[in-house]
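Peer 1: After the structure tokens below, expect a handful of questions from me.
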Amino acid sequence: MIICRPFRSKRVMPFLGLVSLLLLGGIYFALSVHQHARNPKDTTIPNLQQLVEGFKKTITPSQRGEIWLSVDLKATFSRLFYGLFIAIVLSLALGIGMGCFATLEGLLSPVISILAKLTPTAMLAVFFVIFGTGATMFVSMIVFGIVPSLTQSIFLAVKKVPRELVDKAYTLGGSTFEVIWFVIFKQVLPVFINSVRLSIGPAMVFLIAAEMLVGDAGFGYRIRIQSRLLNMNVVYLYLALLASFGYLMDYALKWLNRRLCAWYSAG
Amino acid sequence: MNKGMALILISALFFCCFSQAASNSAAPVFSLAWSEWPGWSVFGVAHEIGLIDGASGKMGPVEKQYNVDIELKEMEYDPCIAAYGAGQVDAACLTNMDTLPCCGGRSSVAILPNDTSNGGDMCITIGINRVEDLKGKTVYGLEKSVSQYLFSRYLEMKNIPENDVKWVNMDPGAAALAMQQGNKQYEAIVVWNPFCLQTLNTRKDAKVLFDSSAIPGEIVDMVVVAKDSLAREGGDNFGLAVVDTYFKVMQRLEDPKTAYQTLVMIGEKFSNLDLEQMKKVRQGTKYITTAEEALNFFRSHEFTRTMVKVIDFCVSHQVIEKAPVWGGGDYRYLDDTDMIFDHTFVRRIAEAGKSGKAKP
């Protein structure tokens, strides 16, 4: 067998993907059947019927008159998108600034590399003091969690921009701002999109962990309370939603990268 | 990767999932999940002083006496619920309330009431001096837990509609932390020990508005065993050994000569509270110290009434969808019962105590 050789037909890869997904589903339901054979009342690895019940539970209004799924989707995703948005703007500014100006690099790079090693989940107490326990806290946790690494990767990408391109732009009469916008930013964009794609996972981790401790809505909250009550049918449904959201985001950003930066092959 | 490798990997995966841990030792192994709590740390202490050996495959004197191998598994409280519910352990230390969601999926037998909360769960407030003043305020605590039960029951006793006070979910550790840091938003929290005492130590202006001594005997910490585990060979002996172990440690806690040392051992891992603080924790946790007491507790009308209240709360607060089939008595004669409070184990230990010789 020779390595690194692609299939001739384009259909093989999606087919293999489907096989692995089916296998995953198969293993799950085999486990479920096994667990139900041991204990017919089992709720920890729900079967299809239990999963449907769980789904119904999440879309029918509760006693408080709220529909779990819509409340949680709203809470979690508004936090996530605010956090990601701020993080993206901040790290773009920081990363490009550091890459372009030696003063900024000198000032910021030690701080950034120290912060990159800290997990916000371990610093919950600090976040309480600075940001309280409201929406700001969730957003700031995401921002602090992903900005350092995102900044670092943008900074490194800026450093990799070929010197000749910058010189050329200057000799053609570009202003500093124009060089940054038309040369640096355009060159960094694909790497940046890729890094954002890879940051969504950690951002979710920080957010869910925070929601498990604080707050009365959101995916983390629901997963914690429902797993305490062993309503795993609800929990698995939420996990599946999280996974498919992650997959969609991944796909969307890959697509965006191909679309915006067709010249950059490593999408 | 070739097909052979893939096959081996997949079969290894299946093997891991489905194989039961086989044990060659003569005595059957039963696992007990416990978390740090004054009433449950007793089992950790029993291991440390050598009454039992918590490792699988090793046996202490009590285990030898009953010819059963007790495997202690220490974890956080929430994982105890999960591990028990998923059938990963035979028995777990749970409260009477948290057993209810489990028993729907796994028929359960409570064999031992360890202690009742007698002040160990508190509503702590800052600047709120009367329960009536809670109206319109927000109270923070873990939703669908004993904290919310205490809160709901107390308001009910004071004839305050529960809807007048807003309950917002928060992890007890996080809620206590937020209050200790002086966050103005946190005027009232309901948490359990050690968070209560930590908060009271840090915030001198904090006040205990009410605590679980207002509902004595309603929050019960117990040892719960799955019915099918009890039915396994040696299951009865496992139950007896657990109960016997617990009361042997209780004897040491009651004996003035060993009380101090035992209390320190119980408190060691519980939190960074000193002996004086641990004495307060001890007051907040009313131990059931003898098998006779446990027997009377399980058979009392108060306990039955308590369970009715707890189940009502659980159904009305969507902790469970419908009340389980539950009852008290020997589990062997209670088919189709999801939750059984079986007093026969403590009774047999009480009788053995009287005759001076424990009978396996």
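Following the order of the structure tokens, chains are lettered A, B, ..., residues in each are numbered from 1, and ligands are numbered from 1.
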Please build the interface table for chain B against chain A with a cut-off of 9 Å, listing for each qualifying residue the nearest atom pair and the distance in Å to one decimal; count only C-alpha atoms, order rows by chain and increasing number, and write it as a Markdown table.

Peer 2:
| residue | atom | partner | partner_atom | distance |
| --- | --- | --- | --- | --- |
| B:Asn2 | CA | A:Met1 | CA | 8.9 |
| B:Phe14 | CA | A:Ile27 | CA | 8.6 |
| B:Cys17 | CA | A:Leu31 | CA | 7.9 |
| B:Phe18 | CA | A:His34 | CA | 8.2 |
| B:Asp78 | CA | A:Arg228 | CA | 6.2 |
| B:Pro79 | CA | A:Arg228 | CA | 8.3 |
| B:Ile81 | CA | A:Arg228 | CA | 6.6 |
| B:Ala82 | CA | A:Leu230 | CA | 6.7 |
| B:Gly85 | CA | A:Leu230 | CA | 6.7 |
| B:Ala86 | CA | A:Thr44 | CA | 5.4 |
| B:Gly87 | CA | A:Thr44 | CA | 8.7 |
| B:Asp98 | CA | A:Leu229 | CA | 7.7 |
| B:Leu100 | CA | A:Leu229 | CA | 8.6 |
| B:Pro101 | CA | A:Leu229 | CA | 5.3 |
| B:Cys102 | CA | A:Leu230 | CA | 6.7 |
| B:Gly104 | CA | A:Lys41 | CA | 7.0 |
| B:Gly105 | CA | A:Asp42 | CA | 4.6 |
| B:Arg106 | CA | A:Lys41 | CA | 6.6 |
| B:Ser107 | CA | A:Lys41 | CA | 8.6 |
| B:Leu142 | CA | A:Ile225 | CA | 8.7 |
| B:Glu143 | CA | A:Ile225 | CA | 7.3 |
| B:Lys144 | CA | A:Ile225 | CA | 7.6 |
| B:Val168 | CA | A:Asp216 | CA | 6.0 |
| B:Asn169 | CA | A:Asp216 | CA | 5.0 |
| B:Met170 | CA | A:Val214 | CA | 4.7 |
| B:Asp171 | CA | A:Leu213 | CA | 4.7 |
| B:Pro172 | CA | A:Leu213 | CA | 8.2 |
| B:Gly173 | CA | A:Leu213 | CA | 8.3 |
| B:Ala174 | CA | A:Leu213 | CA | 6.4 |
| B:Ala175 | CA | A:Val214 | CA | 8.0 |
| B:Leu177 | CA | A:Ala125 | CA | 7.1 |
| B:Ala178 | CA | A:Phe128 | CA | 6.5 |
| B:Gln181 | CA | A:Val129 | CA | 6.7 |
| B:Gly182 | CA | A:Val129 | CA | 8.6 |
| B:Asn183 | CA | A:Gly132 | CA | 7.0 |
| B:Gln185 | CA | A:Gly132 | CA | 8.7 |
| B:Ser316 | CA | A:Gln63 | CA | 8.9 |
| B:His317 | CA | A:Gln63 | CA | 8.3 |
| B:Gln318 | CA | A:Gln63 | CA | 8.2 |
| B:Val319 | CA | A:Leu229 | CA | 6.8 |
| B:Ile320 | CA | A:Leu229 | CA | 7.8 |

Peer 1: What is the distance between CA of Lys254 in chain A and CA of Ile208 in chain A, in Å to one decimal?

Peer 2: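 Value for the CA of Lys254 in chain A-CA of Ile208 in chain A distance: 24.2 Å.
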
Peer 1: Pick from B:Ala27, B:Met339, B:Met250, B:Cys314: nearest to Lys286 in chain B, with only C-alpha atoms counted?

Peer 2: B:Met250

Peer 1: What does the distance between CA of Ala122 in chain A and CA of Gly145 in chain A come to in Å, to one decimal place?

Peer 2: 10.8 Å

Peer 1: Would you list, as a PyMOL selection string, the residues of range 72-295 of chain B that end up in alpha helix (DSSP H) under DSSP run on this structure's backbone?

Peer 2: chain B and resi 77-85+96-103+146-157+172-180+195-202+227-231+235-254+256-268+275-284+291-295
